[in-house]
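Below: query16.txt (compact mmCIF, C-alpha atoms)
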# COMPACT_ATOMS: atom_id res chain seq x y z
CA MET A 10 61.79 -110.10 75.72
CA ARG A 11 64.58 -107.58 75.16
CA ASN A 12 65.93 -108.47 71.72
CA ILE A 13 63.42 -108.34 68.87
CA ALA A 14 64.04 -109.15 65.20
CA ILE A 15 61.78 -107.84 62.46
CA ILE A 16 61.92 -109.29 58.96
CA GLY A 17 60.68 -106.77 56.43
CA ALA A 18 61.73 -103.11 56.38
CA GLY A 19 58.66 -101.78 54.61
CA GLN A 20 55.89 -99.65 56.04
CA MET A 21 54.72 -102.19 58.59
CA GLY A 22 58.15 -103.48 59.55
CA THR A 23 59.58 -100.02 60.17
CA GLY A 24 56.50 -99.03 62.14
CA ILE A 25 56.89 -102.08 64.37
CA ALA A 26 60.63 -101.42 64.73
CA GLN A 27 60.04 -97.80 65.76
CA THR A 28 57.38 -98.81 68.30
CA VAL A 29 59.47 -101.60 69.84
CA ALA A 30 62.60 -99.42 70.04
CA ALA A 31 60.54 -96.64 71.64
CA HIS A 32 59.86 -99.01 74.52
CA GLY A 33 63.53 -99.64 75.23
CA MET A 34 64.06 -102.91 73.37
CA LYS A 35 66.85 -103.64 70.91
CA VAL A 36 65.71 -104.24 67.35
CA MET A 37 67.32 -106.04 64.42
CA LEU A 38 65.64 -104.82 61.22
CA SER A 39 66.16 -107.32 58.41
CA ASP A 40 65.37 -107.34 54.71
CA ILE A 41 66.58 -108.93 51.46
CA ASP A 42 69.82 -106.95 51.57
CA LEU A 43 71.57 -104.52 53.88
CA ALA A 44 70.82 -101.50 51.69
CA THR A 45 67.08 -102.15 51.96
CA ALA A 46 67.29 -102.61 55.72
CA LYS A 47 69.30 -99.38 56.05
CA ALA A 48 66.74 -97.56 53.92
CA GLY A 49 64.06 -98.73 56.34
CA LYS A 50 66.00 -97.31 59.28
CA ALA A 51 66.46 -94.05 57.35
CA ARG A 52 62.68 -93.74 57.00
CA ILE A 53 62.33 -94.17 60.75
CA ASP A 54 64.93 -91.44 61.23
CA LYS A 55 62.93 -89.15 58.93
CA ALA A 56 59.73 -89.86 60.88
CA LEU A 57 61.47 -89.11 64.17
CA VAL A 58 62.80 -85.81 62.83
CA LYS A 59 59.23 -84.79 62.01
CA LEU A 60 58.04 -85.82 65.47
CA ALA A 61 60.85 -83.87 67.10
CA GLY A 62 59.99 -80.84 64.98
CA ARG A 63 56.42 -80.96 66.29
CA GLY A 64 57.60 -81.37 69.87
CA LYS A 65 56.26 -84.94 70.12
CA ILE A 66 59.67 -86.37 71.07
CA GLU A 67 62.89 -84.91 72.44
CA ALA A 68 65.89 -84.93 70.09
CA ASP A 69 68.04 -86.99 72.47
CA GLU A 70 65.21 -89.48 72.96
CA ALA A 71 64.86 -89.86 69.18
CA GLU A 72 68.61 -90.39 68.87
CA ALA A 73 68.58 -93.08 71.56
CA LEU A 74 65.59 -94.78 69.93
CA LEU A 75 67.32 -94.88 66.56
CA ALA A 76 70.50 -96.26 68.13
CA ARG A 77 68.56 -99.29 69.35
CA ILE A 78 67.74 -100.31 65.75
CA THR A 79 70.37 -102.31 63.84
CA PRO A 80 69.86 -103.04 60.13
CA VAL A 81 70.87 -106.58 59.11
CA ALA A 82 70.66 -108.65 55.94
CA ASP A 83 71.59 -112.20 56.94
CA TYR A 84 69.50 -114.43 59.16
CA GLU A 85 72.42 -115.50 61.39
CA PRO A 86 72.25 -112.45 63.71
CA LEU A 87 68.61 -113.27 64.43
CA ALA A 88 69.74 -116.25 66.50
CA SER A 89 70.01 -113.91 69.51
CA ALA A 90 66.42 -112.67 69.21
CA ASP A 91 63.80 -113.53 71.83
CA LEU A 92 61.07 -112.86 69.26
CA ILE A 93 61.23 -112.81 65.46
CA ILE A 94 58.38 -110.97 63.75
CA GLU A 95 57.78 -111.51 60.04
CA ALA A 96 56.40 -108.33 58.45
CA ALA A 97 56.74 -109.05 54.74
CA THR A 98 54.18 -108.61 51.98
CA GLU A 99 50.85 -110.45 52.30
CA LYS A 100 51.93 -113.32 50.02
CA GLU A 101 51.87 -116.73 51.66
CA ALA A 102 54.69 -118.25 49.60
CA ILE A 103 57.03 -115.39 50.53
CA LYS A 104 56.13 -115.66 54.19
CA ASN A 105 56.64 -119.43 54.23
CA ALA A 106 60.11 -119.06 52.72
CA ILE A 107 60.96 -116.55 55.46
CA PHE A 108 59.73 -118.89 58.19
CA GLU A 109 61.85 -121.74 56.84
CA SER A 110 64.98 -119.59 56.73
CA ALA A 111 64.38 -117.87 60.08
CA GLY A 112 63.52 -121.21 61.65
CA LYS A 113 67.06 -122.42 61.04
CA VAL A 114 68.44 -119.81 63.46
CA LEU A 115 65.50 -119.58 65.87
CA GLY A 116 66.71 -119.84 69.46
CA PRO A 117 65.52 -122.75 71.63
CA THR A 118 63.08 -120.58 73.60
CA ALA A 119 62.45 -117.87 71.00
CA ILE A 120 59.09 -117.25 69.34
CA LEU A 121 58.41 -116.85 65.63
CA ALA A 122 55.44 -114.59 64.84
CA SER A 123 53.73 -113.41 61.67
CA ASN A 124 52.23 -109.97 61.18
CA THR A 125 49.83 -111.42 58.60
CA SER A 126 46.48 -109.69 58.42
CA SER A 127 44.53 -112.65 57.08
CA ILE A 128 46.48 -115.85 56.28
CA PRO A 129 45.72 -118.85 58.55
CA ILE A 130 48.32 -119.25 61.29
CA THR A 131 47.95 -123.02 61.62
CA ARG A 132 48.79 -123.49 57.95
CA MET A 133 51.87 -121.28 58.04
CA ALA A 134 53.08 -122.91 61.27
CA ASN A 135 53.95 -126.00 59.21
CA HIS A 136 56.86 -124.02 57.79
CA SER A 137 58.29 -123.21 61.22
CA PRO A 138 60.57 -125.53 63.19
CA ASP A 139 58.21 -125.64 66.19
CA PRO A 140 54.48 -124.86 65.70
CA GLU A 141 54.12 -124.56 69.48
CA ARG A 142 56.27 -121.41 69.29
CA PHE A 143 54.55 -119.94 66.22
CA ILE A 144 51.79 -117.32 66.48
CA GLY A 145 50.06 -114.47 64.70
CA LEU A 146 50.86 -110.97 65.91
CA HIS A 147 48.89 -108.51 63.78
CA PHE A 148 49.83 -104.84 64.15
CA PHE A 149 47.79 -102.05 62.56
CA ASN A 150 49.04 -99.23 60.35
CA PRO A 151 50.44 -96.75 61.32
CA VAL A 152 51.89 -98.89 64.10
CA PRO A 153 53.22 -96.07 66.33
CA VAL A 154 49.74 -94.50 66.38
CA MET A 155 47.27 -97.38 66.32
CA GLY A 156 46.43 -98.77 69.75
CA LEU A 157 45.48 -102.35 68.81
CA ILE A 158 47.29 -105.63 68.24
CA GLU A 159 45.55 -108.90 67.36
CA VAL A 160 47.09 -112.03 68.88
CA ILE A 161 46.19 -115.19 66.95
CA PRO A 162 47.32 -118.59 68.25
CA GLY A 163 47.26 -121.46 65.79
CA LEU A 164 45.95 -124.92 66.55
CA ALA A 165 49.36 -126.07 67.82
CA THR A 166 50.44 -122.83 69.54
CA ALA A 167 51.36 -123.41 73.18
CA GLN A 168 49.57 -121.36 75.83
CA VAL A 169 52.90 -120.09 77.15
CA THR A 170 53.61 -118.67 73.67
CA THR A 171 50.28 -116.85 73.64
CA ASP A 172 50.89 -115.53 77.15
CA ARG A 173 54.41 -114.28 76.37
CA VAL A 174 53.36 -112.56 73.15
CA THR A 175 50.33 -110.97 74.85
CA THR A 176 52.57 -109.59 77.59
CA PHE A 177 54.96 -108.27 74.94
CA ALA A 178 52.11 -106.55 73.04
CA GLU A 179 50.70 -104.97 76.19
CA GLY A 180 54.21 -103.81 77.08
CA LEU A 181 54.13 -101.70 73.92
CA GLY A 182 51.18 -99.81 75.35
CA LYS A 183 48.72 -101.55 73.03
CA GLN A 184 45.33 -103.09 73.69
CA VAL A 185 45.13 -106.78 72.72
CA VAL A 186 42.34 -108.66 70.97
CA THR A 187 42.77 -112.44 70.93
CA SER A 188 41.29 -114.16 67.88
CA GLN A 189 40.79 -117.76 66.93
CA ASP A 190 42.63 -118.81 63.78
CA GLU A 191 39.90 -118.05 61.27
CA PRO A 192 40.49 -116.27 57.92
CA GLY A 193 40.80 -112.52 58.43
CA PHE A 194 40.74 -112.93 62.22
CA VAL A 195 38.52 -110.27 63.86
CA VAL A 196 39.15 -106.85 62.35
CA ASN A 197 39.77 -107.72 58.69
CA ARG A 198 37.00 -110.33 58.75
CA ILE A 199 34.68 -107.37 59.35
CA LEU A 200 36.55 -104.57 57.56
CA LEU A 201 37.46 -106.08 54.18
CA PRO A 202 33.94 -107.22 53.24
CA MET A 203 32.83 -103.64 54.00
CA ILE A 204 35.54 -102.16 51.76
CA ASN A 205 34.79 -104.74 49.07
CA GLU A 206 31.07 -103.93 49.21
CA ALA A 207 31.86 -100.22 48.93
CA VAL A 208 33.74 -100.98 45.70
CA PHE A 209 30.74 -102.99 44.45
CA VAL A 210 28.52 -99.96 45.21
CA LEU A 211 30.92 -97.75 43.24
CA GLY A 212 31.21 -100.20 40.35
CA GLN A 213 27.43 -100.47 40.05
CA SER A 214 27.16 -96.64 39.99
CA THR A 215 24.92 -96.58 43.05
CA ALA A 216 26.92 -93.59 44.29
CA GLY A 217 30.19 -91.83 43.61
CA ILE A 218 33.42 -92.09 45.57
CA GLU A 219 32.90 -88.95 47.65
CA ASP A 220 29.29 -89.78 48.51
CA ILE A 221 30.17 -93.36 49.52
CA ASP A 222 32.90 -92.11 51.83
CA LYS A 223 30.80 -89.24 53.18
CA GLY A 224 27.92 -91.61 53.86
CA CYS A 225 30.09 -93.91 55.95
CA ARG A 226 31.92 -91.10 57.76
CA LEU A 227 28.72 -89.34 58.79
CA GLY A 228 26.18 -92.16 58.75
CA LEU A 229 28.37 -94.74 60.52
CA ASN A 230 30.55 -92.25 62.43
CA HIS A 231 33.72 -93.68 60.88
CA PRO A 232 36.82 -91.44 60.86
CA MET A 233 37.57 -92.43 57.24
CA GLY A 234 35.33 -93.59 54.42
CA PRO A 235 35.90 -97.17 53.14
CA LEU A 236 37.40 -96.09 49.79
CA GLN A 237 39.66 -93.55 51.48
CA LEU A 238 40.74 -96.25 53.91
CA ALA A 239 41.34 -98.71 51.07
CA ASP A 240 43.71 -96.20 49.48
CA PHE A 241 45.52 -95.85 52.80
CA VAL A 242 45.86 -99.62 53.30
CA GLY A 243 46.79 -100.25 49.65
CA LEU A 244 44.39 -101.71 47.11
CA ASP A 245 46.72 -104.63 46.42
CA THR A 246 46.73 -105.50 50.11
CA CYS A 247 42.93 -105.22 50.24
CA LEU A 248 42.66 -107.56 47.26
CA ASP A 249 45.11 -110.03 48.80
CA ILE A 250 43.08 -110.17 52.02
CA ILE A 251 39.68 -110.51 50.38
CA ASN A 252 41.13 -113.25 48.16
CA VAL A 253 42.36 -115.13 51.24
CA LEU A 254 38.84 -114.93 52.70
CA TYR A 255 37.27 -116.06 49.43
CA GLN A 256 39.71 -118.86 48.64
CA THR A 257 39.86 -120.19 52.20
CA THR A 258 36.13 -120.20 52.93
CA LYS A 259 34.82 -120.71 49.34
CA ASP A 260 31.99 -118.39 50.39
CA THR A 261 30.83 -116.21 47.48
CA LYS A 262 30.06 -113.30 49.81
CA TYR A 263 33.82 -112.67 49.79
CA ARG A 264 34.08 -112.56 45.98
CA PRO A 265 36.39 -109.63 45.09
CA ALA A 266 34.67 -106.68 43.47
CA PRO A 267 35.66 -106.60 39.76
CA LEU A 268 36.49 -102.88 40.01
CA LEU A 269 38.95 -103.57 42.84
CA VAL A 270 40.68 -106.14 40.64
CA LYS A 271 40.77 -103.65 37.76
CA TYR A 272 42.35 -100.91 39.86
CA VAL A 273 45.06 -103.28 41.07
CA GLU A 274 45.71 -104.47 37.51
CA ALA A 275 46.12 -100.82 36.50
CA GLY A 276 48.68 -100.30 39.26
CA TRP A 277 46.39 -97.78 40.99
CA LEU A 278 47.15 -99.02 44.50
CA GLY A 279 46.26 -95.95 46.57
CA ARG A 280 48.44 -93.48 48.43
CA LYS A 281 51.66 -95.42 47.91
CA THR A 282 51.41 -95.05 44.12
CA GLY A 283 49.78 -91.62 44.18
CA ARG A 284 46.56 -92.88 42.65
CA GLY A 285 43.78 -95.21 43.76
CA PHE A 286 40.17 -94.29 44.31
CA TYR A 287 41.59 -90.80 44.77
CA ASP A 288 44.35 -89.00 42.87
CA TYR A 289 46.97 -87.62 45.29
CA SER A 290 49.06 -85.63 42.81
CA GLY A 291 47.59 -82.25 43.76
CA GLU A 292 47.24 -80.31 46.98
CA ALA A 293 44.06 -82.21 47.91
CA PRO A 294 42.94 -85.72 46.88
CA VAL A 295 40.35 -85.84 44.09
CA PRO A 296 38.20 -88.85 43.07
CA THR A 297 39.39 -90.84 40.07
CA ARG A 298 35.82 -91.71 38.96
Rewrite the coordinates I just gave you, this time as structure tokens.
Amino acid sequence: MRNIAIIGAGQMGTGIAQTVAAHGMKVMLSDIDLATAKAGKARIDKALVKLAGRGKIEADEAEALLARITPVADYEPLASADLIIEAATEKEAIKNAIFESAGKVLGPTAILASNTSSIPITRMANHSPDPERFIGLHFFNPVPVMGLIEVIPGLATAQVTTDRVTTFAEGLGKQVVTSQDEPGFVVNRILLPMINEAVFVLGQSTAGIEDIDKGCRLGLNHPMGPLQLADFVGLDTCLDIINVLYQTTKDTKYRPAPLLVKYVEAGWLGRKTGRGFYDYSGEAPVPTR
């Protein structure tokens, strides 16, 4: 695989684009219009400038990396891609519309993958032209730093598709975990109930934000507390994932914490909005409760 297309120029899409381009592959970065795709590339440029300033990458290497990324708006150029990776928001209807459009230009041997963090692959494969060449490829944020990728074949995914995508993921210097197509897969099946339970603990006034996070950092040896991590992921994304688990399994243990719902309704989505369980407007984050 030498030509990779990424649909979605947000945080995840640009992280994937930067990582793929860093390993010598050509990248087409697509979004709803060319301006949005170009803005995504500009954010990658900004990140590379910071890395170069810290001596993490040579200036000429950063320039070559950036040159391998081409912003596009239409789906037609994606016909030359060996692999198309959907990296849009965690909304199934939006993803399905992307698969239907991308499927019209998908090459005869190309693979269509979703970066979903929770939505069943088998179900979404029905919106692709060939479910045998459809697979889950879940990167973790921030993509250039995190060393893991989950590979999730659906019921109809061909073994050759799984093998090719696994080889691609390992070629990015990542470790691969292969998961069966169950809601939340491996990592989020474990992580999101923990975050959700931390919000229940907060909502029931068992402990405050700082004590909950401190308890998990020191008591569980986690690098980040669950509420701090939720702010980093985005509270809307956390709610989307826990809702997928709840609605797909009908198991009440995945019922979203009411306080999580309230924060999302308030637009307090974490770091990306400047306010979540912590307020990020000052020099150091401070709890919002």
### Query
Which is closer to Asp83 (chain A) than all the others in A:Tyr289, A:Ile218, A:Arg63, A:Ala44, using all atoms listed in the file?
A:Ala44
#### Entry: Coordinates-based distance that separates CA of Ile15 (chain A) from CA of Thr131 (chain A) (Å, one decimal)
20.6 Å
### Query
Between A:Ser126, A:Gln184, A:Thr261, A:Asn230, which one has atoms that come closest to Asp249 (chain A), using all atoms listed in the file?
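Comparing A:Ser126, A:Gln184, A:Thr261, A:Asn230 against Asp249 (chain A), the winner is A:Ser126.
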### Task
Give as a ChimeraX atom specification every residue, naming chains and numbers as the document does, that has an atom within 9 Å of (54.6, -108.2, 61.9), counting all atoms listed in the file.
/A:15-17,21-22,25,93-97,122-126,145-148
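Between Val273 (chain A) and the candidates A:Ser127, A:Thr246, A:Asn12, A:Thr79, the tightest atom-to-atom separation, counting all atoms listed in the file, involves A:Thr246.
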#### Entry: Nearest residue to Phe149 (chain A) from the set A:Lys262, A:Lys183, A:Lys47, A:Lys35 (distances using all atoms listed in the file)
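Using all atoms listed in the file, the shortest distance to Phe149 (chain A) belongs to A:Lys183.
Minimum atom-to-atom distances from A:Glu99, A:Thr175, A:Val186, A:Ala165 to Asp245 (chain A) were compared using all atoms listed in the file, and the lowest value belongs to A:Glu99.
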How close does region 145-165 of chain A get to region 170-174 of chain A? List, as a tab-separated table, each residue of region 145-165 of chain A within 9 Å, its nearest atom pair and the distance in Å to one decimal, counting all atoms listed in the file.
residue	atom	partner	partner_atom	distance
A:Leu146	CA	A:Val174	CA	7.8
A:Val160	CA	A:Thr171	CA	7.5
A:Ile161	CA	A:Thr171	CA	8.0
A:Pro162	CA	A:Thr171	CA	6.4
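Among the candidates A:Gly276, A:Gly49, A:Pro267, A:Gly180, the one nearest to Met34 (chain A) when counting all atoms listed in the file is A:Gly180.
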### Query
CA of Ser39 (chain A) and CA of Val81 (chain A) are how many Å apart?
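Separation between CA of Ser39 (chain A) and CA of Val81 (chain A): 4.8 Å.
Computed from the coordinates, the CA of Phe143 (chain A) to CA of Ile251 (chain A) distance equals 23.7 Å.
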